[in-house]
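Coordinates from start.pdb are shown below (PDB, C-alpha atoms, pLDDT in the B column).
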```pdb
ATOM      1  CA  MET I   1      20.429  10.755 -10.250  1.00 38.00           C
ATOM      2  CA  ALA I   2      22.955   8.052  -9.341  1.00 33.00           C
ATOM      3  CA  ALA I   3      25.560   9.369 -11.733  1.00 34.00           C
ATOM      4  CA  PHE I   4      25.472  12.708 -10.019  1.00 34.00           C
ATOM      5  CA  ALA I   5      26.855  11.479  -6.714  1.00 33.00           C
ATOM      6  CA  GLY I   6      28.575  14.817  -6.178  1.00 35.00           C
ATOM      7  CA  LEU I   7      25.350  16.267  -4.822  1.00 34.00           C
ATOM      8  CA  ALA I   8      25.705  14.064  -1.758  1.00 33.00           C
ATOM      9  CA  VAL I   9      28.997  15.688  -0.871  1.00 33.00           C
ATOM     10  CA  LEU I  10      29.054  19.465  -0.693  1.00 36.00           C
ATOM     11  CA  SER I  11      31.779  21.119  -2.652  1.00 36.00           C
ATOM     12  CA  SER I  12      34.208  23.696  -1.328  1.00 32.00           C
ATOM     13  CA  LEU I  13      32.114  26.302  -3.139  1.00 44.00           C
ATOM     14  CA  ALA I  14      29.416  26.072  -0.473  1.00 47.00           C
ATOM     15  CA  LEU I  15      29.031  29.154   1.698  1.00 49.00           C
ATOM     16  CA  ALA I  16      27.787  29.228   5.292  1.00 44.00           C
ATOM     17  CA  ALA I  17      24.903  26.834   5.919  1.00 49.00           C
ATOM     18  CA  GLU I  18      21.674  27.876   7.631  1.00 49.00           C
ATOM     19  CA  GLN I  19      19.993  25.306   9.891  1.00 48.00           C
ATOM     20  CA  VAL I  20      16.346  24.633   9.015  1.00 49.00           C
ATOM     21  CA  GLY I  21      13.872  22.074  10.240  1.00 53.00           C
ATOM     22  CA  THR I  22      15.365  19.326  12.377  1.00 60.00           C
ATOM     23  CA  ASP I  23      18.371  17.753  10.701  1.00 70.00           C
ATOM     24  CA  ARG I  24      18.885  19.702   7.495  1.00 84.00           C
ATOM     25  CA  VAL I  25      20.550  22.914   6.392  1.00 91.00           C
ATOM     26  CA  ILE I  26      20.327  25.311   3.485  1.00 93.00           C
ATOM     27  CA  ASN I  27      23.732  25.309   1.834  1.00 95.00           C
ATOM     28  CA  ASP I  28      24.311  28.518  -0.073  1.00 94.00           C
ATOM     29  CA  PHE I  29      26.488  28.556  -3.183  1.00 95.00           C
ATOM     30  CA  GLU I  30      27.938  31.724  -4.646  1.00 95.00           C
ATOM     31  CA  GLU I  31      26.103  32.891  -7.740  1.00 93.00           C
ATOM     32  CA  GLY I  32      28.011  31.791 -10.823  1.00 91.00           C
ATOM     33  CA  SER I  33      30.106  29.233  -8.931  1.00 95.00           C
ATOM     34  CA  ILE I  34      28.127  26.374 -10.454  1.00 97.00           C
ATOM     35  CA  SER I  35      28.404  25.705 -14.175  1.00 97.00           C
ATOM     36  CA  GLN I  36      25.327  25.579 -16.354  1.00 97.00           C
ATOM     37  CA  ALA I  37      25.956  21.876 -17.000  1.00 97.00           C
ATOM     38  CA  GLU I  38      26.102  21.131 -13.278  1.00 98.00           C
ATOM     39  CA  GLY I  39      23.057  23.328 -12.766  1.00 98.00           C
ATOM     40  CA  LEU I  40      21.103  21.248 -15.271  1.00 98.00           C
ATOM     41  CA  GLU I  41      22.257  18.054 -13.550  1.00 98.00           C
ATOM     42  CA  SER I  42      21.088  19.510 -10.257  1.00 98.00           C
ATOM     43  CA  TRP I  43      17.736  20.368 -11.792  1.00 98.00           C
ATOM     44  CA  GLN I  44      17.420  16.824 -13.159  1.00 98.00           C
ATOM     45  CA  LEU I  45      17.877  15.435  -9.658  1.00 98.00           C
ATOM     46  CA  PHE I  46      15.131  17.675  -8.331  1.00 98.00           C
ATOM     47  CA  TYR I  47      12.856  16.846 -11.267  1.00 98.00           C
ATOM     48  CA  GLU I  48      13.161  13.165 -10.380  1.00 98.00           C
ATOM     49  CA  VAL I  49      11.709  14.119  -6.997  1.00 97.00           C
ATOM     50  CA  ALA I  50       9.053  16.536  -8.288  1.00 97.00           C
ATOM     51  CA  SER I  51       7.761  14.082 -10.904  1.00 97.00           C
ATOM     52  CA  HIS I  52       7.733  11.106  -8.525  1.00 97.00           C
ATOM     53  CA  PRO I  53       4.283   9.883  -7.413  1.00 96.00           C
ATOM     54  CA  ARG I  54       4.946  10.853  -3.785  1.00 95.00           C
ATOM     55  CA  CYS I  55       5.013  14.487  -4.933  1.00 96.00           C
ATOM     56  CA  ALA I  56       3.170  14.609  -8.256  1.00 97.00           C
ATOM     57  CA  ASN I  57       0.053  12.737  -7.080  1.00 97.00           C
ATOM     58  CA  CYS I  58      -0.956  15.796  -5.034  1.00 96.00           C
ATOM     59  CA  HIS I  59       0.425  18.397  -7.473  1.00 97.00           C
ATOM     60  CA  VAL I  60      -2.570  18.330  -9.800  1.00 97.00           C
ATOM     61  CA  GLY I  61      -4.390  20.916 -11.848  1.00 97.00           C
ATOM     62  CA  ALA I  62      -7.692  22.745 -11.759  1.00 96.00           C
ATOM     63  CA  ASP I  63      -9.823  19.589 -11.735  1.00 96.00           C
ATOM     64  CA  ASN I  64      -8.737  19.342  -8.067  1.00 97.00           C
ATOM     65  CA  LYS I  65      -8.545  15.541  -8.227  1.00 97.00           C
ATOM     66  CA  PRO I  66      -5.530  13.893  -6.537  1.00 97.00           C
ATOM     67  CA  MET I  67      -4.053  10.924  -8.363  1.00 97.00           C
ATOM     68  CA  TRP I  68      -3.104   7.392  -7.466  1.00 95.00           C
ATOM     69  CA  SER I  69       0.009   6.302  -9.327  1.00 94.00           C
ATOM     70  CA  GLY I  70       3.217   4.414  -8.674  1.00 89.00           C
ATOM     71  CA  PRO I  71       4.106   0.746  -8.057  1.00 86.00           C
ATOM     72  CA  SER I  72       1.813   0.287  -5.045  1.00 81.00           C
ATOM     73  CA  TYR I  73      -1.304   1.354  -6.995  1.00 84.00           C
ATOM     74  CA  GLY I  74      -1.085  -1.035  -9.928  1.00 83.00           C
ATOM     75  CA  ARG I  75      -2.324   1.458 -12.510  1.00 91.00           C
ATOM     76  CA  THR I  76      -2.502   5.235 -12.763  1.00 95.00           C
ATOM     77  CA  ARG I  77      -5.953   6.637 -11.991  1.00 95.00           C
ATOM     78  CA  PRO I  78      -7.691   9.445 -10.115  1.00 96.00           C
ATOM     79  CA  HIS I  79      -8.013   9.042  -6.345  1.00 95.00           C
ATOM     80  CA  GLY I  80     -10.706   6.507  -5.516  1.00 93.00           C
ATOM     81  CA  MET I  81     -14.086   7.335  -3.946  1.00 93.00           C
ATOM     82  CA  ASN I  82     -14.594  10.226  -6.401  1.00 94.00           C
ATOM     83  CA  ILE I  83     -12.454  12.525  -4.242  1.00 96.00           C
ATOM     84  CA  ASN I  84     -12.316  16.179  -5.263  1.00 97.00           C
ATOM     85  CA  ALA I  85     -10.381  18.620  -3.074  1.00 97.00           C
ATOM     86  CA  GLY I  86     -12.179  21.640  -4.519  1.00 96.00           C
ATOM     87  CA  GLU I  87     -10.771  25.113  -5.008  1.00 96.00           C
ATOM     88  CA  SER I  88      -9.866  25.117  -1.316  1.00 97.00           C
ATOM     89  CA  ARG I  89      -7.475  22.217  -2.067  1.00 96.00           C
ATOM     90  CA  ILE I  90      -8.447  20.685   1.305  1.00 96.00           C
ATOM     91  CA  GLY I  91     -11.875  19.337   0.337  1.00 96.00           C
ATOM     92  CA  ALA I  92     -13.845  22.000   2.204  1.00 96.00           C
ATOM     93  CA  GLU I  93     -16.483  22.092  -0.553  1.00 96.00           C
ATOM     94  CA  THR I  94     -16.956  18.320  -0.776  1.00 92.00           C
ATOM     95  CA  LEU I  95     -15.305  15.903   1.673  1.00 95.00           C
ATOM     96  CA  PRO I  96     -12.412  17.309   3.735  1.00 96.00           C
ATOM     97  CA  CYS I  97      -9.117  15.534   3.116  1.00 96.00           C
ATOM     98  CA  ALA I  98      -8.774  15.313   6.907  1.00 93.00           C
ATOM     99  CA  THR I  99     -11.778  12.972   7.064  1.00 93.00           C
ATOM    100  CA  CYS I 100      -9.451  10.098   6.169  1.00 93.00           C
ATOM    101  CA  HIS I 101      -6.032  11.737   6.242  1.00 93.00           C
ATOM    102  CA  THR I 102      -6.367  12.485   9.931  1.00 88.00           C
ATOM    103  CA  ASP I 103      -3.804  14.573  11.768  1.00 85.00           C
ATOM    104  CA  VAL I 104      -1.347  12.817  14.075  1.00 82.00           C
ATOM    105  CA  SER I 105       0.422  14.438  17.004  1.00 71.00           C
ATOM    106  CA  ALA I 106       3.877  13.486  15.785  1.00 61.00           C
ATOM    107  CA  MET I 107       5.544  12.066  12.699  1.00 57.00           C
ATOM    108  CA  GLU I 108       5.464   8.494  13.987  1.00 61.00           C
ATOM    109  CA  SER I 109       6.556   6.013  11.331  1.00 59.00           C
ATOM    110  CA  ALA I 110       4.109   3.411  12.680  1.00 72.00           C
ATOM    111  CA  SER I 111       1.141   5.651  11.857  1.00 76.00           C
ATOM    112  CA  ASN I 112       1.575   4.894   8.125  1.00 86.00           C
ATOM    113  CA  ASP I 113       2.681   1.270   8.260  1.00 86.00           C
ATOM    114  CA  THR I 114      -0.646  -0.222   7.131  1.00 85.00           C
ATOM    115  CA  PRO I 115      -0.637  -0.731   3.341  1.00 81.00           C
ATOM    116  CA  HIS I 116      -3.379   1.155   1.471  1.00 81.00           C
ATOM    117  CA  ALA I 117      -4.521   3.046   4.583  1.00 88.00           C
ATOM    118  CA  ALA I 118      -4.858   6.815   4.167  1.00 91.00           C
ATOM    119  CA  PRO I 119      -1.491   8.449   4.976  1.00 91.00           C
ATOM    120  CA  ARG I 120      -1.347  10.788   7.973  1.00 91.00           C
ATOM    121  CA  VAL I 121       1.066  13.530   9.001  1.00 89.00           C
ATOM    122  CA  ALA I 122       1.360  16.017  11.856  1.00 86.00           C
ATOM    123  CA  MET I 123      -0.428  18.757   9.908  1.00 88.00           C
ATOM    124  CA  GLY I 124      -3.469  19.142   7.680  1.00 90.00           C
ATOM    125  CA  TRP I 125      -3.499  17.090   4.459  1.00 93.00           C
ATOM    126  CA  GLN I 126      -4.033  19.067   1.258  1.00 95.00           C
ATOM    127  CA  LEU I 127      -3.227  19.403  -2.403  1.00 96.00           C
ATOM    128  CA  ALA I 128      -0.481  21.720  -3.598  1.00 95.00           C
ATOM    129  CA  PRO I 129      -1.703  25.053  -5.061  1.00 95.00           C
ATOM    130  CA  VAL I 130      -3.197  24.712  -8.526  1.00 96.00           C
ATOM    131  CA  GLU I 131      -0.377  26.859  -9.958  1.00 95.00           C
ATOM    132  CA  ALA I 132       2.029  24.044  -9.040  1.00 95.00           C
ATOM    133  CA  ASP I 133       0.436  21.503 -11.380  1.00 97.00           C
ATOM    134  CA  TRP I 134       3.199  18.907 -11.848  1.00 97.00           C
ATOM    135  CA  PHE I 135       1.395  15.628 -12.540  1.00 97.00           C
ATOM    136  CA  GLY I 136       2.461  14.356 -15.954  1.00 96.00           C
ATOM    137  CA  LYS I 137       4.286  17.583 -16.762  1.00 97.00           C
ATOM    138  CA  SER I 138       7.681  17.724 -18.464  1.00 97.00           C
ATOM    139  CA  SER I 139      10.960  18.707 -16.856  1.00 98.00           C
ATOM    140  CA  ALA I 140      11.006  21.959 -18.857  1.00 98.00           C
ATOM    141  CA  TYR I 141       7.469  22.861 -17.741  1.00 97.00           C
ATOM    142  CA  ILE I 142       8.092  22.270 -14.024  1.00 98.00           C
ATOM    143  CA  CYS I 143      11.446  24.041 -14.234  1.00 98.00           C
ATOM    144  CA  GLU I 144       9.877  27.205 -15.631  1.00 97.00           C
ATOM    145  CA  GLN I 145       6.986  27.011 -13.154  1.00 97.00           C
ATOM    146  CA  LEU I 146       9.178  26.592 -10.102  1.00 97.00           C
ATOM    147  CA  LYS I 147      11.267  29.696 -10.778  1.00 96.00           C
ATOM    148  CA  ASP I 148       8.257  31.874 -11.631  1.00 96.00           C
ATOM    149  CA  PRO I 149       7.237  33.880  -8.505  1.00 95.00           C
ATOM    150  CA  GLU I 150       3.695  34.144  -9.841  1.00 93.00           C
ATOM    151  CA  ARG I 151       3.415  30.350  -9.793  1.00 94.00           C
ATOM    152  CA  ASN I 152       5.605  29.356  -6.839  1.00 94.00           C
ATOM    153  CA  GLY I 153       3.969  31.318  -4.049  1.00 92.00           C
ATOM    154  CA  GLY I 154       6.147  34.404  -4.528  1.00 95.00           C
ATOM    155  CA  ARG I 155       9.223  32.536  -3.300  1.00 96.00           C
ATOM    156  CA  THR I 156      12.883  32.815  -4.192  1.00 97.00           C
ATOM    157  CA  ILE I 157      14.548  29.477  -4.945  1.00 97.00           C
ATOM    158  CA  ARG I 158      16.162  29.682  -1.513  1.00 96.00           C
ATOM    159  CA  GLU I 159      12.710  30.014   0.013  1.00 95.00           C
ATOM    160  CA  VAL I 160      11.518  27.052  -2.053  1.00 95.00           C
ATOM    161  CA  ALA I 161      14.380  24.979  -0.599  1.00 95.00           C
ATOM    162  CA  ALA I 162      13.462  26.085   2.927  1.00 92.00           C
ATOM    163  CA  HIS I 163       9.801  25.255   2.235  1.00 91.00           C
ATOM    164  CA  LEU I 164      10.772  21.637   1.560  1.00 91.00           C
ATOM    165  CA  ASP I 165      11.962  21.248   5.138  1.00 88.00           C
ATOM    166  CA  HIS I 166       9.413  23.409   6.927  1.00 85.00           C
ATOM    167  CA  ASP I 167       6.238  21.576   5.801  1.00 83.00           C
ATOM    168  CA  LEU I 168       5.852  18.146   7.416  1.00 84.00           C
ATOM    169  CA  ILE I 169       3.542  16.930   4.668  1.00 88.00           C
ATOM    170  CA  LEU I 170       6.557  17.122   2.356  1.00 91.00           C
ATOM    171  CA  HIS I 171       8.724  15.078   4.751  1.00 90.00           C
ATOM    172  CA  TRP I 172       6.231  12.236   4.361  1.00 91.00           C
ATOM    173  CA  ALA I 173       7.297  11.808   0.716  1.00 94.00           C
ATOM    174  CA  TRP I 174      10.597  10.293   1.869  1.00 93.00           C
ATOM    175  CA  ASN I 175       9.034   8.183   4.624  1.00 90.00           C
ATOM    176  CA  PRO I 176       5.563   7.252   3.329  1.00 91.00           C
ATOM    177  CA  GLY I 177       5.199   3.931   5.139  1.00 88.00           C
ATOM    178  CA  GLY I 178       3.168   0.915   4.106  1.00 85.00           C
ATOM    179  CA  ASN I 179       4.127  -0.459   0.701  1.00 85.00           C
ATOM    180  CA  ARG I 180       4.510   2.990  -0.848  1.00 90.00           C
ATOM    181  CA  GLU I 181       7.672   3.773  -2.793  1.00 93.00           C
ATOM    182  CA  PRO I 182       9.475   6.777  -1.232  1.00 95.00           C
ATOM    183  CA  ALA I 183      10.624   9.766  -3.213  1.00 96.00           C
ATOM    184  CA  PRO I 184      14.157   9.307  -4.618  1.00 96.00           C
ATOM    185  CA  HIS I 185      17.381  10.731  -3.239  1.00 97.00           C
ATOM    186  CA  SER I 186      16.933  12.503   0.107  1.00 95.00           C
ATOM    187  CA  LEU I 187      15.405  15.715   1.388  1.00 95.00           C
ATOM    188  CA  GLN I 188      18.841  17.244   1.973  1.00 95.00           C
ATOM    189  CA  GLN I 189      20.015  16.253  -1.509  1.00 97.00           C
ATOM    190  CA  SER I 190      16.877  17.807  -2.979  1.00 97.00           C
ATOM    191  CA  MET I 191      17.483  21.078  -1.140  1.00 96.00           C
ATOM    192  CA  ASP I 192      21.140  21.098  -2.217  1.00 97.00           C
ATOM    193  CA  ALA I 193      20.082  20.454  -5.813  1.00 98.00           C
ATOM    194  CA  LEU I 194      17.807  23.498  -5.771  1.00 98.00           C
ATOM    195  CA  MET I 195      20.524  25.695  -4.308  1.00 98.00           C
ATOM    196  CA  LYS I 196      23.090  24.577  -6.903  1.00 98.00           C
ATOM    197  CA  TRP I 197      20.533  25.069  -9.665  1.00 98.00           C
ATOM    198  CA  ALA I 198      19.932  28.611  -8.364  1.00 98.00           C
ATOM    199  CA  ALA I 199      23.668  29.365  -8.227  1.00 98.00           C
ATOM    200  CA  ALA I 200      23.939  28.269 -11.862  1.00 98.00           C
ATOM    201  CA  GLY I 201      21.261  30.787 -12.864  1.00 97.00           C
ATOM    202  CA  THR I 202      18.271  28.371 -12.823  1.00 98.00           C
ATOM    203  CA  PRO I 203      18.874  26.909 -16.302  1.00 98.00           C
ATOM    204  CA  CYS I 204      15.995  24.879 -17.714  1.00 98.00           C
ATOM    205  CA  PRO I 205      16.114  21.986 -20.186  1.00 96.00           C
ATOM    206  CA  THR I 206      14.507  22.359 -23.568  1.00 89.00           C
ATOM    207  CA  GLU I 207      11.511  20.240 -24.518  1.00 71.00           C
TER     208      GLU I 207
END
```
Represent the supplied structure as structure tokens.
Amino acid sequence: MAAFAGLAVLSSLALAAEQVGTDRVINDFEEGSISQAEGLESWQLFYEVASHPRCANCHVGADNKPMWSGPSYGRTRPHGMNINAGESRIGAETLPCATCHTDVSAMESASNDTPHAAPRVAMGWQLAPVEADWFGKSSAYICEQLKDPERNGGRTIREVAAHLDHDLILHWAWNPGGNREPAPHSLQQSMDALMKWAAAGTPCPTE
């Protein structure tokens, strides 16, 4: 959220930072040091990421069908070629995602430069767990889902922030290559937004 430029600069309320991944850190904020209003602004920034096609297209429900949406796809529709990732979420029951989304040995930007070619990352391609169904969902819905341990993989919000940097398939969202629109903001800003939202008590917007 452009108006919330403060997320790009850490406030003096930040505690010691823990290095994760390659270039990012988890910045801890003391519980209660962030106002509810700032917490909601922080959530809004993260929602802009979560609801963006680079994330939401693979955060689909129990039909197990990834989506094609966003400026580079022309119109919103299910993944072409009748793709269904199955309950395995990797296509084990039908056609493995890795058939086209082949693994690469490193996150080389050139590997995804060809428009409309299947994206590739240095790990297996897969859908998010069915509990994390975000596609077309409201800010209030995703907010409640993300802080529910039964629907977020049993993670604390701090562990959710760390997860963003540990899984290379998530890094791709900010560097998708080709003519794909990247996720907004940055990975570090998204992690900071989650940590500020947590420090504010994980407030959620109303519908």
Contact residues around stretch 134-148 of chain I with only C-alpha atoms at 8 Å, ignoring same-chain residues under 5 positions, as a list of chain:residue names: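 Using only C-alpha atoms, the neighbours found are I:Trp43, I:Gln44, I:Tyr47, I:Ala50, I:Ser51, I:Ala56, I:Asn57, I:Cys58, I:His59, I:Val60, I:Gly61, I:Gly154, I:Thr156, I:Ile157, I:Thr202, I:Cys204, I:Pro205, I:Thr206, I:Glu207.
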Expected answer as a ChimeraX atom specification: all residues with atoms within 12 Å of (-8.1, 20.4, 3.4), all atoms listed in the file: /I:58,64,83-103,123-129
Contacts of stretch 75-78 of chain I within 7 Å, all atoms listed in the file, excl. fewer than 3 positions in-chain, as a ChimeraX atom specification: /I:65-69
Please produce a file of the residues just selected, as an mmCIF file, in the frame of the given file, where the atoms kept are C-alpha atoms.
```cif
data_model
loop_
_atom_site.group_PDB
_atom_site.id
_atom_site.type_symbol
_atom_site.label_atom_id
_atom_site.label_comp_id
_atom_site.auth_asym_id
_atom_site.auth_seq_id
_atom_site.Cartn_x
_atom_site.Cartn_y
_atom_site.Cartn_z
ATOM 1 C CA LYS I 65 -8.545 15.541 -8.227
ATOM 2 C CA PRO I 66 -5.530 13.893 -6.537
ATOM 3 C CA MET I 67 -4.053 10.924 -8.363
ATOM 4 C CA TRP I 68 -3.104 7.392 -7.466
ATOM 5 C CA SER I 69 0.009 6.302 -9.327
#
```
Can I get the residues of stretch 36-139 of chain I within 9 Å of stretch 167-183 of chain I, each with the closest pair of atoms and their distance in Å to one decimal, using only C-alpha atoms, sorted chain first then ascending number, as CSV?
```
residue,atom,partner,partner_atom,distance
I:Glu48,CA,I:Ala183,CA,8.3
I:Val49,CA,I:Ala183,CA,5.9
I:Ala50,CA,I:Ala183,CA,8.6
I:His52,CA,I:Ala183,CA,6.2
I:Pro53,CA,I:Ala183,CA,7.6
I:Arg54,CA,I:Ala173,CA,5.2
I:Cys55,CA,I:Ala173,CA,6.7
I:Gly70,CA,I:Glu181,CA,7.4
I:Pro71,CA,I:Glu181,CA,7.0
I:Ser72,CA,I:Arg180,CA,5.7
I:Tyr73,CA,I:Arg180,CA,8.6
I:Met107,CA,I:Leu168,CA,8.1
I:Ser109,CA,I:Gly177,CA,6.7
I:Ala110,CA,I:Gly177,CA,7.6
I:Ser111,CA,I:Gly177,CA,8.0
I:Asn112,CA,I:Gly177,CA,4.8
I:Asp113,CA,I:Gly178,CA,4.2
I:Thr114,CA,I:Gly178,CA,5.0
I:Pro115,CA,I:Gly178,CA,4.2
I:His116,CA,I:Gly178,CA,7.1
I:Ala117,CA,I:Gly178,CA,8.0
I:Pro119,CA,I:Pro176,CA,7.3
I:Arg120,CA,I:Ile169,CA,8.5
I:Val121,CA,I:Ile169,CA,6.0
I:Ala122,CA,I:Leu168,CA,6.7
I:Met123,CA,I:Leu168,CA,6.8
I:Gly124,CA,I:Ile169,CA,7.9
I:Trp125,CA,I:Ile169,CA,7.0
I:Gln126,CA,I:Ile169,CA,8.6
```
Result set, the PyMOL selection byres ((chain I and resi 199) around 6) on current file, as a ChimeraX atom specification: /I:29,31-32,34,196-198,200-201
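Here atom CA of I:Leu164 stands at a distance of 28.0 Å from atom CA of I:Gly74.
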Nearest residue to I:Asp28 from the set I:Pro184, I:Asp192, I:Ala118, I:Ser42 (distances using all atoms listed in the file): I:Asp192
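For the atom pair formed by atom CA of I:Ala161 and atom CA of I:Gln189, the distance is 10.4 Å, given to one decimal.
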I:Arg158 environment, 8 Å, only C-alpha atoms, sequence neighbours closer than 6 positions dropped, as a list of chain:residue names: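 Residues near the query, excluding close chain neighbours: I:Ile26, I:Leu194, I:Met195, I:Ala198.
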Gap from atom CA of I:Leu187 to atom CA of I:Asp165 - Å, one decimal: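 So the answer is 7.5 Å.
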Enclose the full set of atoms of stretch 24-29 of chain I listed in the file within a box whose edges lie along x, y and z, apply 6 Å of padding to each of the six sides, and report centre and edge lengths in Å to one decimal as JSON.
```
{"center_x": 22.7, "center_y": 24.1, "center_z": 2.2, "size_x": 19.6, "size_y": 20.9, "size_z": 22.7}
```
